[in-house]
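Down below is the structure, laid out as structure tokens.
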Amino acid sequence: MALTLKKVKGSLDRMFDKNMQDLVRGIRNHKESESRYIAGCVEEIKSELKQDNAAIKANAVNKLIYLQMLGYDISWAAFNIIEVMSSPKFTFKRIGYFAASQSFHSETDVLMLTTNMIRKDLGSQTMYDTGVALSGLSCFITPDLARDLVNDILALMSSTRPYIRKRAVLISYKIFLAYPDALRPAFPRLKEKLEDPDQGVQSAAVNVICELARKNPKNYLSLAPIFFKLMTTSTNNWVLIKIIKLFGALTPLEPRLGKKLIEPLTNLIHSTSAMSLLYECINTVIQVLISFTSGMTDHSSSIQLCVQKLRILIEDADQNLKYLGLLAMSRILKSHPKAVQSHKDLILQCLDDKDESIRLRALDLLFGMVSKKNLMEIVKKLMVHVNKAEGSQYRDELLTKIIEICSQQNYQYITNFEWYVTVLVELTRTEGATRHGSLISSQILDVAIRVKTIRPFAAKQMAVLLENSHVIASQLQRNGMQEVLYAAAYVCGEFAQFIESPSSLLNAMLSHRVVSLPAHIQAIYIQNSMKLFASAVTQAEEDEDHEKVEELLKLVMGKLPAFVQSGDLEVQERASCILSMMKYASKAQGKGSKVAGDFNDLFKGELNPVAPKAQKKVPVPEGLDLDAWINDPPSSSEDDVPTTFNYKLKDNVDDFYSTKKEKMKELSPEERKKMREQRIQEQASNPNYLSSSKPKRSLHPMANGYQEPGDDTGDLPPVTDIDISIPLHVPGMTSSDKYLRQEQDRRRRRQEERKKRRDEKERKKDKKGRKGRKKGRQVVEESPDEDIEPVHAVDIVQEEMPEGAVQTDSEDDTKKEDIYKALDIDLESPLTAQDKLPTPTHRVAKESPQKGDEEPEEKKKKRKKKEKKKKEKKTRHHHHHEKHEHPQESLLLVDEGEEPTVAASNGDDVTTPVTSQDKVNGHQDAPKEKDKEDLDFWLSPGSGTTGATAAVNGDGDAPSPKQDTPEESPAKQHRHKKKKKHEKSSKHKKHRKEREKSPEKAETGKEKTEERPSTPPLPAMTRFVDLGENEHIGIKYETRVISMQEKQIMVALVFQNNVDKQLKSIEFNVLDTLNTRLIRAPGSTSHDPVKIPFILLPSSGNEAQLLFSVVSLNMPQRLRGTVTYILKDEEGSSQHKLDFKLYLPCSAYLLTAPCNSERFTHLLSSGEVSEKSSIRVNAPDLKFSHALQKICFYLKFSVVERVDDSASLYAATIQQHHVCLLIKAVPNGISVDGKSTDSSLLSNILDEVKEIFK
Amino acid sequence: MIKAILVFNNHGKPRLAKFFQHYSEDEQQQIVRETFHLVSRRDDNVCSFLEGGTLIGGSDYRLIYRHYATLYFVFCVDSSESELGILDLIQVFVETLDRCFENVCELDLIFHVDKVHFILSEIVMGGMVLETNMNEIVSRYMEQDKLEKSEAGLSAAPAKAAAAIKNIDLPTLPKDLKIPNIELPKLPSFR
């Protein structure tokens, strides 16, 4: 009774509470005092949250979400939100989860409390409870939640309700992101869902795999057949689009896939009415065409089809289609510029579009379409647009684009620099505000300095600009183009010998108007007027014109005082400095001595451009150790404030040089030589380059600066007379249009000449070309670019490099961090004991009952077995970083075991190169290769859809016909032999005994996963070595090489919690040595510890991976370090530490590299491995095969050849040192003879061999 | 992946903000403001794609939007989503709203933002497209609505009565706020 009363009272109370609508209305009615009103509401909400009534609470939370949208922080209510989430009523639960999805994130600490509640909701009988929980969870998942709930989610993936299934599938992507370890074990289930009967579920699975594959496409290549089948059968456009996009990402990795795709995609393009699908098809076809880099001539029809369809899109009235059409065009442009160039008219048309994004896209396209032939024409069009463009942003964009187009690839497309200088000058007169004065300025400087032949012309143009600057100054100022005057002044001063009337220019440069210019421009004016003066005086003295000299002196001395009074220090200093020099010169002049020589001495020498890389190339002088402290390092107590700056500085310097050093070593001399040769050849065919061996002087004698000032434009290409008929703003300035006409004339003339010379056939061709040109636009590109000769013999001055710099072509690449790297997981290799999903061990009262029920019987068994297995065998048989042992757990593997492997009929297509990657991966290489073969089969031209379906279904009970394929490469046969041998291994039998129920097929799969001959059983080996242990924590570590990384190795640390308390804030630190350094997070100093990103739960273990950079690897390294951690229990937490020595042996840098016996013999006979050393190991009980296995396992060698009781082994280091071993059984032991490229490396490795058998 | 879904009106007032990546409230407001700034200065007859929002995403991300009467519907997506597909999805979303609210207008979004969110959660989950079939979306939403009503049962009666009284003085809903039914002749809606 009382309860009912209370209920009624509660709902009566509610009547008078504000609900969300009231809140919204209230806010709308309090427009002036909104924040005050809301503050009042928040107080109300706070009191409502304190009440027990769930309805009131939910109502309050609902209001909070609205406030959150308006920008109010509601994180203080996180706990109340959880209360609402835990309500049994769907209405409130939904509000709770909704609030959580809006406001919770990975740092919300109360999330820790939600695990069980969410688990309960996931297992709820009400479908919508589960749905709401999944939706919410997808927004606030954390690594902890992901780990704890992954099993529940996986179970839901097999729910009977599609509504739940599709949500569970989708959320699995979020789980993988937060907890990458779940990917491998969960993947088979995910793959199943690709063929779910429900379209929504299928679509969700495609969605998830596409997201995964987008980041790491290579791991998903083997799914291509399934997707191919889906593509040809599905009618769901969403699914099709996703799949087609996925194929776009896969084709670059496997060109044969593209071949297979072209046809169905083309069909889709022809048949579909959905523009979105059409567009994605075109995109992927483009991708495919790009992947065919060579030897594909028969695909021009596909390109044509794409371009035609795109043209239709671009011509469409729908702006969206137009935009996308242009976007796709730009992709085609990269690989098939010719196909796009024929649509130049269309693209130029788009420049007039009212939509700015479309104009910008069109600009981008033009950028790629430029050739020597059409550069002038395109730039002219753009210039027209610059003048009529509305909006400064677009104008700026145009301006930048013009300059980018012209200057790209070292001015590759410019045949006439006079034209370019004119264009630049014209650009300075652009109307309206632009920000690119400095850009134009730097271009003028760049061109004038680097193109020697253009200097006279540039100097004259700049002189005109300077002399008339008063006319255009106001305009320039308005346009922000004053910067151009900076360049102009410099060019005039530096190349003063080309100026026709220095005195009038001098007058202009020192005129009183200059004072109004920005200070840095004034300064450059003064400095360069001095150069100009020097040049003028020289000329005057040569003419014995003393009056002229005096006149000049007077001029300068008269003008300078105005600048001496300048408020700017720079201007003032330069002016007063020059003034006093003038006074001195004036005195000397009075005495009748010549002053020109002295002045010229001041500006002697030529400034050449410095290569942007030059600074980095400065070699470190011998004996200078940049890493050593100059002073003693400050003690840690001083770290606090002022020293941080020093640290930073030092680290920067560090990075700076270390990267440089690396760069220099990275390429082998041969490679470098090759690249250099290649580049020289490229330069030779580039008309803008003159080979450096030619003396520059002979080309252009007056380019050498001041030594020959009198020598005027002798053998210069004639500077054309100024065309007065064109209305110019300023007399003396040429117009760029003139050059366009000139160029066309020139080309026509040349063509006519050629025409005369050539026979009938070619004449036709010429005519066509001319017709095209007469039309003005759409020049049909008939003759290749090479036909166009530059107007000038252009001499681009080589950029200067410091002495002793090693020439490298590689640019420093920037390291990219990728959060998706964690998901770069090999999904093909069978699952292992490590690849299991976590079984909840903490904060869990009991397992969700539903979970077990929904699991198929078989799997449950497997799981149990897996767990048992783990207990049995704590030490892992563990080879390299992918570990696997129990392949029967993998659905994947069952497929693999059964599938027909190599199609003998297509053997020629199937030769898989034995890449180093294959071998490096040790164990996995067999199944991987197997899988690859399947893919090969599917991809081979012969296999039709039948092949595809066969692979899709993973069927075929046919025993794998491996041994019967005659075309296999010898390397492969070799491996098969090993495998066969291995079938006999008793180790294998042991496994079989353990798992009698395992299907036979799984066993076959297993055989392939093992490697290396072994006769008697050998105890399980592990490369994990103890690093340190105390009462709380145990640490083991293993070194791993990273493929393609010459300078890094990875150290995998396994932390084991030995107590039943939580260990957190684990931090790892080592004292770096010069040779070996821990790679820390960017921005941290070399003393900062690295945080281990997990908490160790009671009695659990986890693995962390750290990277170390190494310089030289021929000596073992010992690094001292400390692990600190916080032990947390009920009483509180305490900090502890554990010291250790991290030992990195030389074998840490070894990698299992493939080597066949021919290569091995060649290596030995070539003398490349000159260092020799041998040892003898006394171990009477040692079996030879065990010895071999141990060496192979611990030191990562591979057996090249084995004859009875002797074997040759090979391994390479990450820096490509070779190490060859010959092992022979001798009485009471073995003898090991080693050869290597490095003696210290070899002896260290031999020491390690000894160590193994101790 | 969809990174964010924003709905705001012609004056930049947020009507719905769903972020699939965490941003603080201030950042969220700033993103809404920046997005509004970018989108609102574009004519209606220009393309619906925008690159270069600085706050959200980066180079891989694009804004794809549609303008309906007084509201902008903006999706921020990365390159794994099809541009035209997302445009269709926006259409699906709006049409679904139209069906659930019966001639949806801005006021519906103002007063029932929670419901709009619930509808959206049937379409997009965690930044990935969940369902595009309008019938499925509507029926699922309606079922949940029914479930909510059944839970409310009798105890909700007084509150309903109160709401009815309150609603009396609601300003008359201007009809011009109604979202015009925009058809996509070229793009067949996805099934």
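Numbering starts fresh at 1 for the residues of each chain in the structure tokens, the chains themselves are lettered A, B, ... in the order given, and ligands are numbered from 1 as they appear.
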
If we count only C-alpha atoms, which residues of chain A reach to within 8 Å of chain B? Please list them as a PyMOL selection string. chain A and resi 8+11-12+14-16+20-21+24+62+66+68-73+89-91+102+105+128+135+138-139+166-167+170-171+174+200+204+207+211+214+236-238+241-242+245+273-276+280+318-320+323+354-355+357-358

Neighbour list for stretch 348-350 of chain A as a ChimeraX atom specification, cut-off 10 Å, only C-alpha atoms, skip fewer than 6 positions in-chain: /A:314-315,322-323,326,356,358-363,365-366,378,381-382,777

Skip A:Ser172 itself and residues of its chain fewer than 5 positions away, then list as a PyMOL selection string all residues within 9 Å of it, counting only C-alpha atoms. chain A and resi 138+150+153-154+157+167+177+183+186+190+208

Could you write those residues out with C-alpha atoms, as a PDB file, in the first residue's frame?
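The resulting file, result_34.pdb, is shown below:
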```pdb
ATOM      1  CA  SER A 138      30.342   1.124 -29.961  1.00  0.00           C
ATOM      2  CA  VAL A 150      35.075  -9.822 -26.626  1.00  0.00           C
ATOM      3  CA  ILE A 153      30.336 -10.093 -28.529  1.00  0.00           C
ATOM      4  CA  LEU A 154      31.637 -13.084 -30.439  1.00  0.00           C
ATOM      5  CA  MET A 157      27.743 -12.852 -33.684  1.00  0.00           C
ATOM      6  CA  ARG A 167      25.348  -5.133 -34.607  1.00  0.00           C
ATOM      7  CA  LEU A 177      40.812  -1.399 -32.795  1.00  0.00           C
ATOM      8  CA  LEU A 183      41.517 -10.110 -34.309  1.00  0.00           C
ATOM      9  CA  ALA A 186      37.786 -13.798 -34.003  1.00  0.00           C
ATOM     10  CA  LEU A 190      33.889 -12.808 -39.006  1.00  0.00           C
ATOM     11  CA  VAL A 208      34.170  -4.479 -41.101  1.00  0.00           C
TER      12      VAL A 208
END
```
